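The block underneath contains the structure these notes are about, expressed in structure tokens.
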Amino acid sequence: MAYEAVTPVTGRSAENRYTTRKMAALPLAASAGEALVLGLTTGPVCLASCGPVVLPWMLVQPKGIGPHSRQLLLFLAARLAGYMVFAAAAWLVGAAIPRAWSGRSWAYGGIELLLAIALLVYAAGWPRPRRALSEPSPRLVRIGEAPRPRPSGAVALGFLTGINLCPPFLVAGVRAAQLAHLSGALFFFLCFFAGTAIWFLPFLSLGFLQRTPAVVTVARMVAVLLACWYGFSGASLLIERIING
Amino acid sequence: MASPSSAPARPPAFRSIGRSILLTLPIALWSLLMFTPSFRSGGRALSIGAVLVIVFMTSLFFLMMRTGETYRWRRIFFVALGFLFPVGFIASLIAERGTMSIPISRMVSGDTPFCFMVTPALILPAAFARTIVFPGSILPTASNPHSIAVMIGLWFAFTLVLGKAWCSYACFFGGMDEGFAAFGKRRRLHRFVTKYGSILRLIPWAILLCVVLLSAALFEPFYCMWLCPFKTVTEFPAVRDLETALQFGVFVTLFVGLVVVLPYLTKKRTQCGFFCPFGAFQSLFNKINLFDIRFDREKCFDCGLCQTSCPTVALSKESVREGKTLLNCMKCGACVDACKKDAAVWHLKGTPVAVKPERARLLFLYGAWALATMFGGSILANSIATMVHWLPLK
Ligand code: SF4
Ligand code: SF4
């Protein structure tokens with residue numbers, strides 16, 4: 001593969017510069033097609049890694065396709081924003097990202113910790129101003145009650161899953177980094193996003209599920225449990241990183 | 001609310017001895033049929049085990065017929081299964097590999113015996129990636145007869161017939177917390193369970209969702225790797241580093257807390273009712289199952305005895321008023337036995353409630369006990385054989 005030997009020259013290897021020229025000659029449609037196919041084929045992996053975050057969020061929304069579509073759109077838009085940030089970063093840093101970037105586990109750990117915090121905050125309800133620390137959140141007390149849909153929740157969770165470094169995402173990142181122009185890299189990620197986004201449509205079917213206090217409570221419990229897992233996983237990555245230097 | 005003590009007690013002999021023997025005959029014959037191969041080829045130890053199990057299962061069924069009670073006799077079988085299963089299992093592990101821990105080489109070669117608990121976690125990876133995320137073999141092999149296909153087949157046959165009754169008549173883990181719950185009389189945390197029961201019984205559903213999602217995300221059986229309390233008394237990944245040590249710590253903590261201490265304090269099956277994700281998954285099959293427990297509203301005087309007696313908080317005031325149990329009912333029969341007005345009844349779906357409930361009970365018990373004898377009975381026979389083998393009984 002062209003990006004096998006990495007000799008950083010302003011963030012890019014000599015071979016990558018050769019590849020870049022080749023890629024620049026590729027018509028836009030071919031690059032779009034490649035990204036779309038990559039997104040479509042790796043979509044189940046994206047679904048598996050984002051599913052734990054999307055599912056509890058969708059389950060606390062009111063019943064109906066309308067609210068679910070809105071929340072999914074918000075989530076996907078925020079995820080797309082995350083993709084664009086990563087695409088730009090990948091292009092700037094170059095193809096050295098997946099193997100040479102020594103800070104990868106910092107990023108993994110940090111993102112997982114942020115996801116844990118976001119899930120906890122959303123599960124417990126946003127903290128209210130001037131509330132004493134010892135006082136439990138009223139939303140946590142009335143745990144079965146459906147919260148009002150907060151767009152910020154979908155945005156935060158969408159963006160964090162958007163920059164989460166899952167394997168297909170890294171593959172797409174490497175490919176985008178080889179492109180000649182930043183706009184090409186962004187376009188590549190846009191098409192990759194479109195391919196993966198199709199896999200999220202089945203979440204809309206949750207809109208048909210009856211919303212009982214039990215369903216909402218279970219969704220919140222799931223969010224808390226997942227937050228514990230992401231928190232543990234993120235913290236152990238960071239601790240391991242600190243110990244191993 | 002009327003006082004439960006004012007109600008008449010169930011008569012000690014529900015059926016005559018002759019009729020009870022007659023009704024027990026099919027189960028006696030079935031047991032003989034099931035264990036005939038053990039006599040033919042199993043050796044002395046397994047023959048002793050088989051004889052004891054035939055007598056045990058047939059006697060318990062006879063007592064169910066004679067007294068009209070289900071829960072008490074079923075519990076004896078189920079607790080015996082829960083406590084004897086690890087004996088046979090651990091003994092076979094020690095004899096075969098000298099340790100309870102699973103060496104990495106065994107996992108890589110797919111020699112880990114399959115446990116039905118992992119079933120829900122397999123669904124998403126199997127559907128999307130056509131991969132079974134369990135280090136076992138799909139078809140039985142000489143070194144691993146408990147293959148994925150065999151165990152899922154057994155579980156599915158049982159579940160189709162009996163729904164969540166699996167958790168009262170077949171699961172070889174459930175008897176452990178039921179056994180510890182049976183020690184002592186005082187319910188120390190009774191009020192806590194009553195107050196928070198409606199939340200506690202939702203926890204298994206949340207754990208089920210987490211396990212299914214994380215198993216797909218991490219591509220590993222998350223429950224087995226991190227959450228199974230019964231790893232403590234069966235087998236677990238060998239402790240090699242901090243992570244595996246931590247996993248082992250989680251297993252032991254969950255086992256001590258949920259299977260030993262909390263059942264003793266609450267007199268409830270806390271692991272099964274408030275934790276086990278497979279139990280929640282199993283509840284779904286109550287929807288398509290033939291039998292359930294119903295309440296005759298004309299006889300019920302809202303004494304609450306059924307709710308207090310339910311080991312998994314599968315009854316709420318509202319559900320009893322609607323004449324139904326909640327989805328997580330395990331068909332253990334405790335509420336039916338506890339009801340002094342005979343308002344709680346066994347029921348065959350599609351028939352009128354409280355008309356010939358004993359017939360529904362009989363039909364259910366024949367199915368449940370036949371499968372319990374086949375599945376749990378053979379586990380019991382193997383464990384007894386192991387003990388006979390190991391103990392100096394010559
Ligand atoms: S709830 Fe779980 S451990 Fe308990 S009996 Fe059912 S499957 Fe077994
Ligand atoms: S509702 Fe009755 S039969 Fe069902 S689990 Fe509770 S006590 Fe057992």
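In the structure tokens, the first chain shown is A, the next is B, and so on; residue numbers restart at 1 for each chain, and ligands run from 1 in the order shown.
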
Wanna dump the chain B-ligand 2 contacts at 9 Å for me, each residue with its shortest atom pair and the distance in Å to one decimal, counting only C-alpha atoms and all ligand atoms, ordered by chain and number, as a tab-separated table?
```
residue	atom	partner	partner_atom_place_in_ligand_line	distance
B:Tyr71	CA	ligand 2	8 (Fe)	8.0
B:Ala165	CA	ligand 2	5 (S)	8.7
B:Ser168	CA	ligand 2	5 (S)	8.4
B:Asp292	CA	ligand 2	3 (S)	8.0
B:Ile293	CA	ligand 2	3 (S)	6.2
B:Arg294	CA	ligand 2	1 (S)	8.8
B:Cys306	CA	ligand 2	7 (S)	6.5
B:Gln307	CA	ligand 2	7 (S)	7.2
B:Thr308	CA	ligand 2	7 (S)	8.5
B:Ser309	CA	ligand 2	7 (S)	5.9
B:Cys310	CA	ligand 2	7 (S)	3.5
B:Pro311	CA	ligand 2	6 (Fe)	5.9
B:Thr312	CA	ligand 2	5 (S)	5.8
B:Val313	CA	ligand 2	6 (Fe)	6.2
B:Ala314	CA	ligand 2	6 (Fe)	4.8
B:Leu315	CA	ligand 2	1 (S)	5.4
B:Lys324	CA	ligand 2	1 (S)	8.4
B:Thr325	CA	ligand 2	1 (S)	5.3
B:Leu326	CA	ligand 2	1 (S)	7.1
B:Leu327	CA	ligand 2	4 (Fe)	8.8
B:Asn328	CA	ligand 2	5 (S)	6.9
B:Cys329	CA	ligand 2	4 (Fe)	3.6
B:Met330	CA	ligand 2	5 (S)	4.2
B:Lys331	CA	ligand 2	3 (S)	3.7
B:Cys332	CA	ligand 2	8 (Fe)	4.0
B:Gly333	CA	ligand 2	3 (S)	4.2
B:Ala334	CA	ligand 2	7 (S)	4.2
B:Cys335	CA	ligand 2	7 (S)	4.1
B:Val336	CA	ligand 2	2 (Fe)	6.3
B:Asp337	CA	ligand 2	7 (S)	8.6
B:Ala338	CA	ligand 2	7 (S)	8.5
B:Ala344	CA	ligand 2	2 (Fe)	8.1
B:Trp346	CA	ligand 2	3 (S)	8.6
```

Worksheet entry | Ser105 of chain A environment, 10 Å, only C-alpha atoms, sequence neighbours closer than 5 positions dropped, as a list in words | Gly110, Ile111, Leu165, Gly234, Leu237, Leu238, Glu240 and Arg241 of chain A

Writing out the chosen residues with all heavy atoms as a compact mmCIF listing (two decimals), in the first residue's frame:
```txt
# COMPACT_ATOMS: atom_id res chain seq x y z
N GLY A 110 -9.82 9.91 26.18
CA GLY A 110 -10.49 11.19 26.43
C GLY A 110 -11.90 11.19 25.87
O GLY A 110 -12.86 11.61 26.55
N ILE A 111 -12.05 10.69 24.65
CA ILE A 111 -13.38 10.70 24.01
C ILE A 111 -14.33 9.79 24.79
O ILE A 111 -15.49 10.13 25.02
CB ILE A 111 -13.29 10.27 22.53
CG1 ILE A 111 -12.54 11.33 21.74
CG2 ILE A 111 -14.68 10.08 21.94
CD1 ILE A 111 -12.13 10.91 20.34
N LEU A 165 -12.89 7.24 17.52
CA LEU A 165 -11.98 6.64 16.53
C LEU A 165 -12.27 5.15 16.32
O LEU A 165 -11.51 4.30 16.73
CB LEU A 165 -10.53 6.82 17.00
CG LEU A 165 -10.13 8.25 17.33
CD1 LEU A 165 -8.72 8.30 17.89
CD2 LEU A 165 -10.20 9.13 16.09
N GLY A 234 -12.40 4.32 29.30
CA GLY A 234 -11.59 5.51 29.03
C GLY A 234 -10.53 5.71 30.10
O GLY A 234 -9.36 5.96 29.78
N LEU A 237 -7.69 3.25 29.79
CA LEU A 237 -6.79 3.59 28.67
C LEU A 237 -5.82 4.70 29.08
O LEU A 237 -4.62 4.63 28.82
CB LEU A 237 -7.61 4.06 27.48
CG LEU A 237 -8.08 3.01 26.49
CD1 LEU A 237 -9.02 3.62 25.48
CD2 LEU A 237 -6.89 2.40 25.76
N LEU A 238 -6.38 5.71 29.76
CA LEU A 238 -5.53 6.84 30.16
C LEU A 238 -4.52 6.41 31.21
O LEU A 238 -3.34 6.77 31.14
CB LEU A 238 -6.40 7.98 30.69
CG LEU A 238 -7.32 8.66 29.66
CD1 LEU A 238 -8.10 9.80 30.27
CD2 LEU A 238 -6.50 9.17 28.47
N GLU A 240 -3.31 3.41 31.72
CA GLU A 240 -2.31 2.56 31.07
C GLU A 240 -1.29 3.42 30.33
O GLU A 240 -0.08 3.18 30.39
CB GLU A 240 -3.04 1.66 30.07
CG GLU A 240 -2.23 0.46 29.61
CD GLU A 240 -3.02 -0.32 28.58
OE1 GLU A 240 -4.17 -0.67 28.85
OE2 GLU A 240 -2.45 -0.56 27.49
N ARG A 241 -1.82 4.45 29.70
CA ARG A 241 -0.96 5.36 28.92
C ARG A 241 0.00 6.10 29.86
O ARG A 241 1.19 6.25 29.56
CB ARG A 241 -1.90 6.33 28.20
CG ARG A 241 -1.30 7.36 27.36
CD ARG A 241 -0.82 6.81 26.06
NE ARG A 241 0.25 7.69 25.66
CZ ARG A 241 1.09 7.49 24.68
NH1 ARG A 241 1.00 6.39 24.00
NH2 ARG A 241 2.01 8.34 24.38
```

Item to complete: Using only C-alpha atoms, find which residues of chain A lie within 7 Å of chain B and jot them down as a ChimeraX atom specification.
Response: /A:44,48-49,51-52,218-219,221-222,226

Emit the selected residues as a PDB file, in the first residue's frame, including N, CA, C and O atoms.
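result_26.pdb was written with the following content:
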```
ATOM      1  N   PRO A  44     -22.181  -1.494   9.339  1.00  0.00           N
ATOM      2  CA  PRO A  44     -22.550  -2.282  10.522  1.00  0.00           C
ATOM      3  C   PRO A  44     -21.589  -2.082  11.690  1.00  0.00           C
ATOM      4  O   PRO A  44     -22.004  -2.092  12.850  1.00  0.00           O
ATOM      5  N   ALA A  48     -22.613  -0.707  15.219  1.00  0.00           N
ATOM      6  CA  ALA A  48     -22.312  -1.417  16.469  1.00  0.00           C
ATOM      7  C   ALA A  48     -21.619  -0.504  17.461  1.00  0.00           C
ATOM      8  O   ALA A  48     -21.908  -0.547  18.656  1.00  0.00           O
ATOM      9  N   SER A  49     -20.727   0.374  16.948  1.00  0.00           N
ATOM     10  CA  SER A  49     -20.003   1.190  17.928  1.00  0.00           C
ATOM     11  C   SER A  49     -20.811   2.413  18.361  1.00  0.00           C
ATOM     12  O   SER A  49     -20.628   2.897  19.478  1.00  0.00           O
ATOM     13  N   GLY A  51     -24.303   2.411  18.248  1.00  0.00           N
ATOM     14  CA  GLY A  51     -25.589   1.918  18.750  1.00  0.00           C
ATOM     15  C   GLY A  51     -25.791   2.099  20.247  1.00  0.00           C
ATOM     16  O   GLY A  51     -26.852   2.564  20.685  1.00  0.00           O
ATOM     17  N   PRO A  52     -24.789   1.740  21.076  1.00  0.00           N
ATOM     18  CA  PRO A  52     -24.982   1.885  22.516  1.00  0.00           C
ATOM     19  C   PRO A  52     -25.300   3.316  22.940  1.00  0.00           C
ATOM     20  O   PRO A  52     -25.905   3.539  23.981  1.00  0.00           O
ATOM     21  N   VAL A 218     -35.847   2.171  31.834  1.00  0.00           N
ATOM     22  CA  VAL A 218     -34.834   1.232  31.333  1.00  0.00           C
ATOM     23  C   VAL A 218     -33.812   1.986  30.476  1.00  0.00           C
ATOM     24  O   VAL A 218     -32.597   1.775  30.605  1.00  0.00           O
ATOM     25  N   ALA A 219     -34.302   2.902  29.621  1.00  0.00           N
ATOM     26  CA  ALA A 219     -33.380   3.663  28.771  1.00  0.00           C
ATOM     27  C   ALA A 219     -32.389   4.445  29.624  1.00  0.00           C
ATOM     28  O   ALA A 219     -31.190   4.508  29.335  1.00  0.00           O
ATOM     29  N   MET A 221     -31.476   3.743  32.700  1.00  0.00           N
ATOM     30  CA  MET A 221     -30.549   2.801  33.344  1.00  0.00           C
ATOM     31  C   MET A 221     -29.455   2.390  32.357  1.00  0.00           C
ATOM     32  O   MET A 221     -28.287   2.294  32.708  1.00  0.00           O
ATOM     33  N   VAL A 222     -29.880   2.143  31.109  1.00  0.00           N
ATOM     34  CA  VAL A 222     -28.905   1.748  30.082  1.00  0.00           C
ATOM     35  C   VAL A 222     -27.856   2.852  29.932  1.00  0.00           C
ATOM     36  O   VAL A 222     -26.649   2.586  29.881  1.00  0.00           O
ATOM     37  N   LEU A 226     -23.980   2.273  30.591  1.00  0.00           N
ATOM     38  CA  LEU A 226     -23.008   2.484  29.514  1.00  0.00           C
ATOM     39  C   LEU A 226     -22.003   3.557  29.898  1.00  0.00           C
ATOM     40  O   LEU A 226     -20.818   3.466  29.567  1.00  0.00           O
TER      41      LEU A 226
END
```

Practice prompt. Residues up to 8 Å from ligand 1, counting only C-alpha atoms and all ligand atoms: could you list those as a list in words?
Written response: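 Listed by chain and ascending number, the contacts are Met117, Lys164, Trp166, Cys167, Ser168, Ala170, Cys171, Phe172, Phe173, Gly174, Gly175, Arg269, Gln271, Cys272, Gly273, Phe275, Cys276, Pro277, Phe278, Gly279, Ala280 and Gln282 of chain B.
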
Please write the residues from the selection above to a file, keeping N, CA, C and O atoms, as a PDB file, in the first residue's frame.
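Final output, saved to again.pdb:
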```pdb
ATOM      1  N   MET B 117     -26.486 -18.586  28.813  1.00  0.00           N
ATOM      2  CA  MET B 117     -26.567 -17.183  29.228  1.00  0.00           C
ATOM      3  C   MET B 117     -26.100 -16.215  28.140  1.00  0.00           C
ATOM      4  O   MET B 117     -26.490 -15.062  28.111  1.00  0.00           O
ATOM      5  N   LYS B 164     -40.794 -18.657  30.356  1.00  0.00           N
ATOM      6  CA  LYS B 164     -39.836 -18.305  31.402  1.00  0.00           C
ATOM      7  C   LYS B 164     -39.787 -19.321  32.537  1.00  0.00           C
ATOM      8  O   LYS B 164     -39.012 -19.155  33.494  1.00  0.00           O
ATOM      9  N   TRP B 166     -38.346 -21.781  32.333  1.00  0.00           N
ATOM     10  CA  TRP B 166     -36.923 -22.171  32.290  1.00  0.00           C
ATOM     11  C   TRP B 166     -36.236 -21.771  33.600  1.00  0.00           C
ATOM     12  O   TRP B 166     -35.416 -22.512  34.136  1.00  0.00           O
ATOM     13  N   CYS B 167     -36.585 -20.597  34.079  1.00  0.00           N
ATOM     14  CA  CYS B 167     -35.907 -20.051  35.261  1.00  0.00           C
ATOM     15  C   CYS B 167     -36.368 -20.707  36.563  1.00  0.00           C
ATOM     16  O   CYS B 167     -35.874 -20.360  37.640  1.00  0.00           O
ATOM     17  N   SER B 168     -37.331 -21.599  36.502  1.00  0.00           N
ATOM     18  CA  SER B 168     -37.758 -22.307  37.710  1.00  0.00           C
ATOM     19  C   SER B 168     -37.557 -23.809  37.609  1.00  0.00           C
ATOM     20  O   SER B 168     -37.645 -24.517  38.614  1.00  0.00           O
ATOM     21  N   ALA B 170     -35.250 -25.343  34.890  1.00  0.00           N
ATOM     22  CA  ALA B 170     -34.148 -25.828  34.061  1.00  0.00           C
ATOM     23  C   ALA B 170     -32.804 -25.166  34.332  1.00  0.00           C
ATOM     24  O   ALA B 170     -31.786 -25.837  34.287  1.00  0.00           O
ATOM     25  N   CYS B 171     -32.803 -23.876  34.599  1.00  0.00           N
ATOM     26  CA  CYS B 171     -31.521 -23.177  34.713  1.00  0.00           C
ATOM     27  C   CYS B 171     -30.696 -23.786  35.848  1.00  0.00           C
ATOM     28  O   CYS B 171     -31.172 -23.934  36.964  1.00  0.00           O
ATOM     29  N   PHE B 172     -29.439 -24.133  35.540  1.00  0.00           N
ATOM     30  CA  PHE B 172     -28.615 -24.762  36.575  1.00  0.00           C
ATOM     31  C   PHE B 172     -27.919 -23.738  37.473  1.00  0.00           C
ATOM     32  O   PHE B 172     -27.079 -24.096  38.279  1.00  0.00           O
ATOM     33  N   PHE B 173     -28.255 -22.445  37.300  1.00  0.00           N
ATOM     34  CA  PHE B 173     -27.685 -21.428  38.189  1.00  0.00           C
ATOM     35  C   PHE B 173     -28.731 -20.912  39.189  1.00  0.00           C
ATOM     36  O   PHE B 173     -28.399 -20.568  40.316  1.00  0.00           O
ATOM     37  N   GLY B 174     -29.975 -20.832  38.723  1.00  0.00           N
ATOM     38  CA  GLY B 174     -31.017 -20.170  39.516  1.00  0.00           C
ATOM     39  C   GLY B 174     -31.232 -20.777  40.889  1.00  0.00           C
ATOM     40  O   GLY B 174     -31.649 -20.087  41.825  1.00  0.00           O
ATOM     41  N   GLY B 175     -30.954 -22.085  41.029  1.00  0.00           N
ATOM     42  CA  GLY B 175     -31.170 -22.747  42.315  1.00  0.00           C
ATOM     43  C   GLY B 175     -30.252 -22.235  43.410  1.00  0.00           C
ATOM     44  O   GLY B 175     -30.546 -22.391  44.600  1.00  0.00           O
ATOM     45  N   ARG B 269     -35.094 -14.013  45.029  1.00  0.00           N
ATOM     46  CA  ARG B 269     -34.033 -14.451  44.112  1.00  0.00           C
ATOM     47  C   ARG B 269     -33.441 -13.201  43.464  1.00  0.00           C
ATOM     48  O   ARG B 269     -33.807 -12.843  42.349  1.00  0.00           O
ATOM     49  N   GLN B 271     -30.463 -12.309  42.269  1.00  0.00           N
ATOM     50  CA  GLN B 271     -29.700 -12.412  41.027  1.00  0.00           C
ATOM     51  C   GLN B 271     -30.663 -12.606  39.858  1.00  0.00           C
ATOM     52  O   GLN B 271     -30.534 -11.948  38.830  1.00  0.00           O
ATOM     53  N   CYS B 272     -31.619 -13.512  40.037  1.00  0.00           N
ATOM     54  CA  CYS B 272     -32.537 -13.829  38.934  1.00  0.00           C
ATOM     55  C   CYS B 272     -33.525 -12.692  38.677  1.00  0.00           C
ATOM     56  O   CYS B 272     -33.833 -12.378  37.537  1.00  0.00           O
ATOM     57  N   GLY B 273     -34.023 -12.088  39.742  1.00  0.00           N
ATOM     58  CA  GLY B 273     -35.079 -11.093  39.595  1.00  0.00           C
ATOM     59  C   GLY B 273     -34.569  -9.700  39.298  1.00  0.00           C
ATOM     60  O   GLY B 273     -35.243  -8.908  38.636  1.00  0.00           O
ATOM     61  N   PHE B 275     -31.138  -8.872  38.279  1.00  0.00           N
ATOM     62  CA  PHE B 275     -29.862  -8.734  37.579  1.00  0.00           C
ATOM     63  C   PHE B 275     -29.789  -9.511  36.264  1.00  0.00           C
ATOM     64  O   PHE B 275     -29.418  -8.941  35.244  1.00  0.00           O
ATOM     65  N   CYS B 276     -30.164 -10.775  36.289  1.00  0.00           N
ATOM     66  CA  CYS B 276     -29.849 -11.686  35.176  1.00  0.00           C
ATOM     67  C   CYS B 276     -30.458 -11.217  33.835  1.00  0.00           C
ATOM     68  O   CYS B 276     -31.675 -11.196  33.656  1.00  0.00           O
ATOM     69  N   PRO B 277     -29.624 -10.846  32.858  1.00  0.00           N
ATOM     70  CA  PRO B 277     -30.156 -10.395  31.569  1.00  0.00           C
ATOM     71  C   PRO B 277     -30.789 -11.536  30.784  1.00  0.00           C
ATOM     72  O   PRO B 277     -31.715 -11.313  30.010  1.00  0.00           O
ATOM     73  N   PHE B 278     -30.300 -12.748  31.002  1.00  0.00           N
ATOM     74  CA  PHE B 278     -30.905 -13.873  30.286  1.00  0.00           C
ATOM     75  C   PHE B 278     -32.333 -14.099  30.786  1.00  0.00           C
ATOM     76  O   PHE B 278     -33.225 -14.464  30.026  1.00  0.00           O
ATOM     77  N   GLY B 279     -32.536 -13.871  32.064  1.00  0.00           N
ATOM     78  CA  GLY B 279     -33.889 -13.980  32.631  1.00  0.00           C
ATOM     79  C   GLY B 279     -34.835 -13.003  31.947  1.00  0.00           C
ATOM     80  O   GLY B 279     -35.977 -13.334  31.630  1.00  0.00           O
ATOM     81  N   ALA B 280     -34.339 -11.768  31.712  1.00  0.00           N
ATOM     82  CA  ALA B 280     -35.176 -10.766  31.034  1.00  0.00           C
ATOM     83  C   ALA B 280     -35.486 -11.224  29.613  1.00  0.00           C
ATOM     84  O   ALA B 280     -36.632 -11.144  29.149  1.00  0.00           O
ATOM     85  N   GLN B 282     -35.584 -14.202  28.565  1.00  0.00           N
ATOM     86  CA  GLN B 282     -36.489 -15.345  28.688  1.00  0.00           C
ATOM     87  C   GLN B 282     -37.940 -14.868  28.900  1.00  0.00           C
ATOM     88  O   GLN B 282     -38.882 -15.510  28.444  1.00  0.00           O
TER      89      GLN B 282
END
```

Practice prompt. List every residue of segment 121-246 of chain B that DSSP, applied to the backbone of this structure, assigns to alpha helix (DSSP H), and report them as a VMD selection string.
Written response: chain B and resid 121 to 129 148 to 162 166 to 169 174 to 182 190 to 200 203 to 218 222 242 to 246
